[in-house]
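A.B. asks: Shown below is the structure under consideration.
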Amino acid sequence: KKKNGTILLTVPFIWALHEEPHDYFRYTEYSLRTLFTAKHCRILSIKKQGSFPSTICMLAMDYALELIRRKNAYSLFGLISSPFLLVLSYTCLVLDIVFPSRTIFLNYVILAKKI
């Protein structure tokens with residue numbers, strides 16, 4: 001509501017369920033532009049974070065954590081794979097640059113100003 005206020009916001013795009021049971025929406029760049037414009041905001045920047053490699057790695061890491069939480073035989077697989085996936089996640093930062101994707105990414109970062 002504050003005039004001339006600035007907002008920095010990040011929203012998930014491709015991500016496993018989170019903050020359950022309150023994971024209601026996944027916003028696209030187009031819906032974000034519509035929402036911010038309707039609230040009299042000027043978008044200064046919308047950036048995508050991640051690409052195909054980091055998205056696949058993040059989903060695999062989330063799945064490993066899910067396995068660990070099961071407290072059964074699969075937990076061991078999750079524990080064993082976690083260090084490998086952690087190293088892979090840093091490798092994916094470079095792979096995202098080499099293999100960019102326009103449509104598969106982790107989230108948006110939006111910077112907007114109230115007008």
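Labeling convention for the structure tokens: chains A, B, ... as they appear, residues from 1 per chain, ligands from 1 in order of appearance.
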Sorted by chain and rising residue number, which residues of region 52-111 of chain A lie within 10 Å of region 18-27 of chain A, and what are their closest atom pairs and distances in Å to one decimal, counting only C-alpha atoms, as a tab-separated table?
C.D. replies:
```
residue	atom	partner	partner_atom	distance
A:Asp62	CA	A:His18	CA	9.9
A:Asn107	CA	A:Tyr27	CA	9.2
A:Tyr108	CA	A:Tyr27	CA	8.7
```
A.B. asks: Which residues are near Lys114 (chain A)? Cut-off 12 Å, only C-alpha atoms, ignore same chain within fewer than 5 positions. Put them as a short mmCIF file (atom, residue, chain, number, x, y, z; two decimals) with C-alpha atoms, in the first residue's frame.
C.D. replies:
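Saved result, part.cif, follows:
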```cif
data_model
loop_
_atom_site.label_atom_id
_atom_site.label_comp_id
_atom_site.auth_asym_id
_atom_site.auth_seq_id
_atom_site.Cartn_x
_atom_site.Cartn_y
_atom_site.Cartn_z
CA LYS A 1 0.00 0.00 0.00
CA LYS A 2 2.93 2.34 0.61
CA LYS A 3 3.62 4.66 -2.33
CA ASN A 4 7.13 4.43 -3.76
CA GLY A 5 7.67 1.25 -1.75
CA THR A 6 9.88 -1.44 -3.24
CA ILE A 7 9.33 -5.18 -3.02
CA LEU A 8 11.75 -8.02 -3.68
CA PHE A 36 1.64 -6.50 -9.95
CA THR A 37 0.15 -4.24 -12.62
CA ALA A 38 -3.31 -4.59 -11.04
CA LYS A 39 -1.80 -3.41 -7.74
CA HIS A 40 -0.23 -0.36 -9.42
CA CYS A 41 3.32 -1.63 -9.32
CA ARG A 42 6.01 -1.14 -11.92
CA ILE A 43 8.11 -4.26 -12.40
CA LEU A 44 11.77 -3.35 -12.38
#
```
A.B. asks: Can you work out the spacing between CA of Leu79 (chain A) and CA of Val11 (chain A) in Å, to one decimal?
C.D. replies: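 So the two atoms, CA of Leu79 (chain A) and CA of Val11 (chain A), lie 28.6 Å apart.
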A.B. asks: Please identify every residue of region 2-76 of chain A that has at least one atom no farther than 9 Å from an atom of region 90-103 of chain A, counting only C-alpha atoms, and for each give the shortest atom pair and the distance in Å to one decimal, arranged by chain then increasing number, as CSV.
C.D. replies:
```
residue,atom,partner,partner_atom,distance
A:Lys48,CA,A:Arg102,CA,8.7
A:Gly50,CA,A:Asp96,CA,6.2
A:Ser51,CA,A:Asp96,CA,5.1
A:Phe52,CA,A:Ser101,CA,6.0
A:Pro53,CA,A:Cys92,CA,5.5
A:Ser54,CA,A:Cys92,CA,5.1
A:Thr55,CA,A:Cys92,CA,8.8
A:Cys57,CA,A:Cys92,CA,7.4
```
A.B. asks: When you draw a straight line from CA of Met58 (chain A) to CA of Glu29 (chain A), how long is it in Å?
C.D. replies: 20.9 Å
A.B. asks: In Å to one decimal, how far is CA of Leu86 (chain A) from CA of Ile14 (chain A)?
C.D. replies: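 Calculated distance between CA of Ile14 (chain A) and CA of Leu86 (chain A) is 18.7 Å.
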A.B. asks: In chain A, what's strand (DSSP E) per DSSP? Answer as a PyMOL selection string?
C.D. replies: chain A and resi 6-12+41-49+107-114
A.B. asks: When you count only C-alpha atoms, which of these residues is closest to Ile46 (chain A): A:Leu76, A:Leu32, A:Leu59, A:Ala64?
C.D. replies: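 The closest residue to Ile46 (chain A) is A:Leu32.
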A.B. asks: What lies within 9 Å of Lys47 (chain A) using only C-alpha atoms, ignoring chain neighbours under 2 positions off, as a ChimeraX atom specification?
C.D. replies: /A:45,49,107-111
